[in-house]
Each structure stands twice: as structure tokens, then as C-alpha cells.
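The structure appears right after this line, and notes come after that.
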Amino acid sequence: AGLSQSFDSANAGTRSLSVDGGYIVNDGNGGGNYIISSNNAAGTIAQALATITYTANLASSLYGNAPTGLTGSVSASGLLGADSLQSITSGTATFTTNATTASNVGSYAVTGSGLGSNSGNYIISSTQAAGNATALAITPRPLTVFADTLSRIYGEANPALSFTSTGLVNGDGLTGSLSTAADLRSDVGLYRIDQGSLSASSNYVLSYNPANLTITQRALIINASAQSRPIGEVNPVLTYGSLGLVNGDTLTGSLSTDANLASLAGTYAITQGTLTASPNYVTTFGDAVLTVFTCAATGSCSPVIDLVNQVGASVQTVVPTESAEQTEEEKKAKAAADSSADPEVMISGVIDTTGVTTPNPIDEPVSGGGNSSLWIPGTSK
């Protein structure tokens, strides 16, 4: 006879071992010298070792956003017979990361978990695929900066170059400042506002939208100075005052007036003439007058000059006509006088000076040859 082994199950665990009968003792006495008994024995079937591997899919997330949509797959090794991953496990596989909304740009691990054993035949261990350590990429966030449109007056300092932005998160800010080529002496016109040193951290991709700084004309006030002079004299230098010139700028050209040496007593406008500033200014001009006064006003000028100029405006000239009744004797007397050393003066015009408002008439002898004018003293008014 021999031993017979029989297991009542293929699952892991402690199992019985029985002896199949048929063993005979041959001792020459028909076996009478022995009492034979048989006992069952016990055996153990050990659990198999299975390994579950979590493999995360590559994923990405913008800086400042919570990572979402993490997925992956699961595989197993060490399974026996017809066993499968589904038949030996329970639960649901999930994939998570320690990265948060505040995590900087970079690579982060994704970890798989969630499956447990539902079979006593296996000892299950879990592992992460090699790529899981860098499966999540946090990428830079778009950031847009808009420069503000600004303006200032020529000759003044630039205003603070300001901007607005969209896209900053987590309390982040920008560093540096905008820039422009415009300075205190820059002419009127448009000047681009550039990004300059303005920047964000590496967690952002910055897009910059420029604007312009407009330099406008500066107000300039020019006021002509009132002037005066006696009649018959040259005009004084026409002067002015100004308010608003900067940067060492000056005016070119000169003021003008219609008054001249022969102008009568009165007031004459002093106008801007050719006096101008550069295109960096818008000019407001305040005119004044040049007063031409008579000698009677101050007693500071020559009465002769005063009289001559007044006569030009107020006298009446009467041209006598030859009398038809002139006698032959008068003609002969004139001819005789003309041939002597003291010729007779022929009056070609009579000037009425009654409209002249000047000093007392001047009596001067009339002499010499040819035609002349006779001044008849007028009456002062």
C-alpha cells in the first residue's frame, strides 16, 4: 500500500493531508506483531504576491488655478491562473496631487491610490509609475498690462506713468516702472510710453500694451507796454512783458505800431507785429497804445515842431486868383521890384491858422525871391 494526498481547496490557507489505506505489515506472522493506525496531516497554501501599479496621465494647470482633471490607469503583476485585477481588488482608483493654487510654476507629483484586496489568495502592494513624480505641470499665467494715456504741458515734469493690469492672482504685484523718452525739454507732440523695467514673476507671461504721453502747448501771455512821445519825434523802443516762458526759451521778432515821425497827436495801437514764440506755446497778446502828445501837454518839445505838425491837420489853404482888375501900373511896379535887390514877394497861398491850438504865433520876416507862403497869426483856442 502507499500514502495518498488530497487537498480540499486550491485557495491559500491551512489544508488537511490524509493517508490513503492499503498499507500491510509483513512480519512473517501475518502481521500479528503490529497494530497499524493512520493519521491525517495538515498543510498550508501560502498567499501569492501581487503588485498594483498606478500610472498617472500627464496633466497641466495654470498658476493660480486649482489642479483638476487628474486621471490615470492601473495595472497588476503577479496574478495566477485566471485571476484579474478586477477579481482580486475592490474600490476605485483616484489620482491626487499636493500642488495648490499657490504653487509656483514647475512640475509636481501625481499619486494614485484607492484599490484594496478582496481576495485572501494575494498579498497586494501598490507602487507609482516613474512618470508620476512629474506628471503635473503648472504653467505661467497670462498677464496683460495696459499703459494709461497721459498728457502734460510743455516744460513741466512728466506725470507718474501709470497702468492697469488683468491676470494677477494670489496677491501678486508688479515690480519696476514704465518709461518714456519725453523729458522736461521735449517739444510738443506724442511720446510712446514703453514697458521699461516693469515686470512680473516667472509665474506669469506678461503682454504689454503701450500708450502715448501727449505734450501740449504752454500758455504764454505777452503784454505790450504803454509808450508815449512828443509829436514830431521818433518812436521809443516798443517793449513788453511776458509770463510763461520756460527752459530758457525766448521770443523772436518785434512789436509794431502805425505811428511814425509825421504822425499827429493822438493814440496809436501797439500790436504784436512779428513777435512770436516757438510752437511749444499758445500766445495770448495784450496790446497797448503809443500816445503822441503836443508840446502844450508837457512843454518839453520844440514849439516849431508842434506847430508844423498841427498845421498839417488843421490849416486851410486859400490860393488867390489873379484879379482881372490888376492895373497896368501894379504890373510895372512888380517888374521893377523884381529887378532890384529887394524883390517883391508874391503870395501864392494864404494859410488860415485859426484852427491851430498852439503857442503864440511867431512873427518872422518874409524875404527872398520867388513865391512863398504868408503865415497869418491865428487865435489860440
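For the C-alpha cells, the naming scheme is as follows: chains receive sequential letters (A, B, ...) according to their order of presentation, residues are indexed from 1 within each chain, and ligands are indexed from 1 in presentation order.
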
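For range 142-144 of chain A, the set of protein, DNA and RNA residues having any atom at most 9 Å away, when counting only C-alpha atoms and skipping those fewer than 6 positions along the same chain, is A:Leu62, A:Thr164, A:Ser165, A:Thr166, A:Gly167, A:Leu168, A:Ala200, A:Asn203, A:Tyr204, A:Val205, A:Leu206, A:Ser207, A:Tyr208, A:Asn209.
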
Write the residues of the preceding selection, restricted to N, CA, C and O atoms, as a PDB file, in the first residue's frame.
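What landed in out_0.pdb:
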ATOM      1  N   LEU A  62      -2.874  76.069 -14.930  1.00  0.00           N
ATOM      2  CA  LEU A  62      -2.336  77.430 -14.871  1.00  0.00           C
ATOM      3  C   LEU A  62      -2.001  77.793 -13.437  1.00  0.00           C
ATOM      4  O   LEU A  62      -2.730  77.433 -12.494  1.00  0.00           O
ATOM      5  N   THR A 164      -2.896  99.774 -15.844  1.00  0.00           N
ATOM      6  CA  THR A 164      -3.822  98.814 -15.264  1.00  0.00           C
ATOM      7  C   THR A 164      -3.402  97.429 -15.742  1.00  0.00           C
ATOM      8  O   THR A 164      -2.697  97.297 -16.744  1.00  0.00           O
ATOM      9  N   SER A 165      -3.841  96.408 -15.029  1.00  0.00           N
ATOM     10  CA  SER A 165      -3.467  95.042 -15.411  1.00  0.00           C
ATOM     11  C   SER A 165      -4.602  94.088 -15.127  1.00  0.00           C
ATOM     12  O   SER A 165      -5.454  94.348 -14.270  1.00  0.00           O
ATOM     13  N   THR A 166      -4.614  92.982 -15.860  1.00  0.00           N
ATOM     14  CA  THR A 166      -5.559  91.897 -15.621  1.00  0.00           C
ATOM     15  C   THR A 166      -4.786  90.587 -15.598  1.00  0.00           C
ATOM     16  O   THR A 166      -3.932  90.347 -16.453  1.00  0.00           O
ATOM     17  N   GLY A 167      -5.079  89.745 -14.582  1.00  0.00           N
ATOM     18  CA  GLY A 167      -4.454  88.429 -14.534  1.00  0.00           C
ATOM     19  C   GLY A 167      -3.693  88.142 -13.262  1.00  0.00           C
ATOM     20  O   GLY A 167      -3.341  86.983 -13.007  1.00  0.00           O
ATOM     21  N   LEU A 168      -3.420  89.127 -12.441  1.00  0.00           N
ATOM     22  CA  LEU A 168      -2.668  88.879 -11.210  1.00  0.00           C
ATOM     23  C   LEU A 168      -3.532  88.109 -10.211  1.00  0.00           C
ATOM     24  O   LEU A 168      -4.723  88.386 -10.052  1.00  0.00           O
ATOM     25  N   ALA A 200       6.798  91.031 -14.014  1.00  0.00           N
ATOM     26  CA  ALA A 200       6.131  90.158 -13.054  1.00  0.00           C
ATOM     27  C   ALA A 200       7.039  88.967 -12.774  1.00  0.00           C
ATOM     28  O   ALA A 200       8.083  88.795 -13.416  1.00  0.00           O
ATOM     29  N   ASN A 203       5.949  83.314 -12.705  1.00  0.00           N
ATOM     30  CA  ASN A 203       4.654  82.642 -12.720  1.00  0.00           C
ATOM     31  C   ASN A 203       3.707  83.226 -13.766  1.00  0.00           C
ATOM     32  O   ASN A 203       2.576  82.753 -13.912  1.00  0.00           O
ATOM     33  N   TYR A 204       4.174  84.276 -14.499  1.00  0.00           N
ATOM     34  CA  TYR A 204       3.316  84.957 -15.462  1.00  0.00           C
ATOM     35  C   TYR A 204       4.009  85.099 -16.811  1.00  0.00           C
ATOM     36  O   TYR A 204       5.241  85.155 -16.894  1.00  0.00           O
ATOM     37  N   VAL A 205       3.183  85.162 -17.852  1.00  0.00           N
ATOM     38  CA  VAL A 205       3.629  85.579 -19.179  1.00  0.00           C
ATOM     39  C   VAL A 205       2.984  86.942 -19.429  1.00  0.00           C
ATOM     40  O   VAL A 205       1.759  87.042 -19.558  1.00  0.00           O
ATOM     41  N   LEU A 206       3.811  87.988 -19.463  1.00  0.00           N
ATOM     42  CA  LEU A 206       3.300  89.355 -19.497  1.00  0.00           C
ATOM     43  C   LEU A 206       3.157  89.852 -20.935  1.00  0.00           C
ATOM     44  O   LEU A 206       4.101  89.774 -21.722  1.00  0.00           O
ATOM     45  N   SER A 207       1.976  90.392 -21.256  1.00  0.00           N
ATOM     46  CA  SER A 207       1.732  91.060 -22.537  1.00  0.00           C
ATOM     47  C   SER A 207       1.533  92.545 -22.257  1.00  0.00           C
ATOM     48  O   SER A 207       0.699  92.909 -21.426  1.00  0.00           O
ATOM     49  N   TYR A 208       2.307  93.392 -22.963  1.00  0.00           N
ATOM     50  CA  TYR A 208       2.274  94.833 -22.689  1.00  0.00           C
ATOM     51  C   TYR A 208       1.606  95.595 -23.822  1.00  0.00           C
ATOM     52  O   TYR A 208       1.897  95.370 -24.999  1.00  0.00           O
ATOM     53  N   ASN A 209       0.706  96.502 -23.467  1.00  0.00           N
ATOM     54  CA  ASN A 209       0.018  97.367 -24.431  1.00  0.00           C
ATOM     55  C   ASN A 209       0.431  98.812 -24.169  1.00  0.00           C
ATOM     56  O   ASN A 209       0.043  99.400 -23.139  1.00  0.00           O
TER      57      ASN A 209
END

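Take CA of Leu243 in chain A and CA of Ile153 in chain A: the distance between them is 14.8 Å.
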
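Taking the backbone of this structure through DSSP, the residues of range 71-290 of chain A that come out as alpha helix (DSSP H) are Leu85, Gln86, Ser87 and Ile88 of chain A.
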
**Prompt:** For Ala219 in chain A, which residue out of A:Gln272, A:Asn280, A:Asn247, A:Gln47 is the nearest one, using only C-alpha atoms?
**Reply:** A:Asn280

**Request:** Calculate how many Å separate CA of Leu213 in chain A from CA of Leu198 in chain A, rounding to one decimal.
**Result:** 17.2 Å

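With only C-alpha atoms as the atoms that count, the residue of A:Phe146, A:Phe163, A:Phe95, A:Tyr154 with the shortest distance to Ala182 in chain A is A:Tyr154.
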
List the neighbours of Ser151 in chain A out to 12 Å using only C-alpha atoms; skip same-chain residues closer than 6 positions along the sequence, and give me the result as a PDB file with N, CA and C atoms, in the first residue's frame.
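Just written: result_1.pdb:
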ATOM      1  N   ALA A 157       7.193 118.671 -15.580  1.00  0.00           N
ATOM      2  CA  ALA A 157       7.710 117.320 -15.367  1.00  0.00           C
ATOM      3  C   ALA A 157       6.676 116.293 -15.826  1.00  0.00           C
ATOM      4  N   ASN A 158       7.156 115.135 -16.247  1.00  0.00           N
ATOM      5  CA  ASN A 158       6.248 114.058 -16.644  1.00  0.00           C
ATOM      6  C   ASN A 158       5.378 113.638 -15.455  1.00  0.00           C
ATOM      7  N   PRO A 159       4.111 113.338 -15.706  1.00  0.00           N
ATOM      8  CA  PRO A 159       3.296 112.767 -14.627  1.00  0.00           C
ATOM      9  C   PRO A 159       3.763 111.349 -14.332  1.00  0.00           C
ATOM     10  N   ALA A 160       3.307 110.807 -13.225  1.00  0.00           N
ATOM     11  CA  ALA A 160       3.608 109.410 -12.908  1.00  0.00           C
ATOM     12  C   ALA A 160       3.029 108.523 -14.007  1.00  0.00           C
ATOM     13  N   LEU A 161       3.869 107.652 -14.563  1.00  0.00           N
ATOM     14  CA  LEU A 161       3.424 106.768 -15.644  1.00  0.00           C
ATOM     15  C   LEU A 161       2.678 105.596 -15.016  1.00  0.00           C
ATOM     16  N   SER A 162       1.389 105.531 -15.248  1.00  0.00           N
ATOM     17  CA  SER A 162       0.539 104.554 -14.585  1.00  0.00           C
ATOM     18  C   SER A 162       0.020 103.513 -15.574  1.00  0.00           C
ATOM     19  N   ALA A 182      10.287 111.150 -23.328  1.00  0.00           N
ATOM     20  CA  ALA A 182       9.969 112.563 -23.092  1.00  0.00           C
ATOM     21  C   ALA A 182      10.633 113.045 -21.811  1.00  0.00           C
ATOM     22  N   VAL A 188       6.396 119.906 -28.007  1.00  0.00           N
ATOM     23  CA  VAL A 188       5.005 119.478 -28.121  1.00  0.00           C
ATOM     24  C   VAL A 188       4.906 118.299 -29.096  1.00  0.00           C
ATOM     25  N   GLY A 189       4.117 117.274 -28.727  1.00  0.00           N
ATOM     26  CA  GLY A 189       3.959 116.106 -29.588  1.00  0.00           C
ATOM     27  C   GLY A 189       3.579 114.877 -28.793  1.00  0.00           C
ATOM     28  N   LEU A 190       3.612 113.702 -29.461  1.00  0.00           N
ATOM     29  CA  LEU A 190       3.278 112.425 -28.845  1.00  0.00           C
ATOM     30  C   LEU A 190       4.546 111.644 -28.546  1.00  0.00           C
ATOM     31  N   TYR A 191       4.595 111.041 -27.372  1.00  0.00           N
ATOM     32  CA  TYR A 191       5.749 110.240 -26.961  1.00  0.00           C
ATOM     33  C   TYR A 191       5.240 108.906 -26.420  1.00  0.00           C
ATOM     34  N   ARG A 192       5.807 107.810 -26.931  1.00  0.00           N
ATOM     35  CA  ARG A 192       5.380 106.458 -26.547  1.00  0.00           C
ATOM     36  C   ARG A 192       5.771 106.176 -25.096  1.00  0.00           C
ATOM     37  N   ILE A 193       4.856 105.525 -24.397  1.00  0.00           N
ATOM     38  CA  ILE A 193       5.131 105.040 -23.046  1.00  0.00           C
ATOM     39  C   ILE A 193       5.489 103.565 -23.168  1.00  0.00           C
ATOM     40  N   ALA A 211       0.981 103.046 -24.592  1.00  0.00           N
ATOM     41  CA  ALA A 211       0.117 104.215 -24.788  1.00  0.00           C
ATOM     42  C   ALA A 211       1.025 105.401 -25.079  1.00  0.00           C
ATOM     43  N   ASN A 212       0.432 106.590 -25.193  1.00  0.00           N
ATOM     44  CA  ASN A 212       1.200 107.794 -25.501  1.00  0.00           C
ATOM     45  C   ASN A 212       1.085 108.830 -24.396  1.00  0.00           C
ATOM     46  N   LEU A 213       2.174 109.551 -24.224  1.00  0.00           N
ATOM     47  CA  LEU A 213       2.181 110.757 -23.414  1.00  0.00           C
ATOM     48  C   LEU A 213       2.108 111.927 -24.379  1.00  0.00           C
ATOM     49  N   THR A 214       1.088 112.767 -24.252  1.00  0.00           N
ATOM     50  CA  THR A 214       0.910 113.915 -25.124  1.00  0.00           C
ATOM     51  C   THR A 214       1.418 115.173 -24.422  1.00  0.00           C
ATOM     52  N   ILE A 215       2.357 115.863 -25.062  1.00  0.00           N
ATOM     53  CA  ILE A 215       2.831 117.147 -24.543  1.00  0.00           C
ATOM     54  C   ILE A 215       2.094 118.245 -25.292  1.00  0.00           C
ATOM     55  N   THR A 216       1.374 119.073 -24.554  1.00  0.00           N
ATOM     56  CA  THR A 216       0.558 120.126 -25.151  1.00  0.00           C
ATOM     57  C   THR A 216       1.235 121.487 -25.008  1.00  0.00           C
ATOM     58  N   GLN A 217       0.718 122.469 -25.768  1.00  0.00           N
ATOM     59  CA  GLN A 217       1.301 123.805 -25.759  1.00  0.00           C
ATOM     60  C   GLN A 217       1.143 124.467 -24.388  1.00  0.00           C
TER      61      GLN A 217
END

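Note that the spacing between CA of Glu233 in chain A and CA of Gly253 in chain A amounts to 23.3 Å.
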
**Request:** Pull the strand (DSSP E or B) assignments for range 138-286 of chain A out of DSSP run on the backbone, and list those residues as a ChimeraX atom specification.
**Result:** /A:138-139,141-147,150-153,163-166,175,179-180,189-194,199,204-209,211-216,218-224,227-230,240-243,252,256-257,266-271,276,281-286

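Taking only C-alpha atoms into account, Arg229 in chain A lies nearest to A:Cys295 out of the set A:Cys295, A:Ile138, A:Leu255, A:Ala99.
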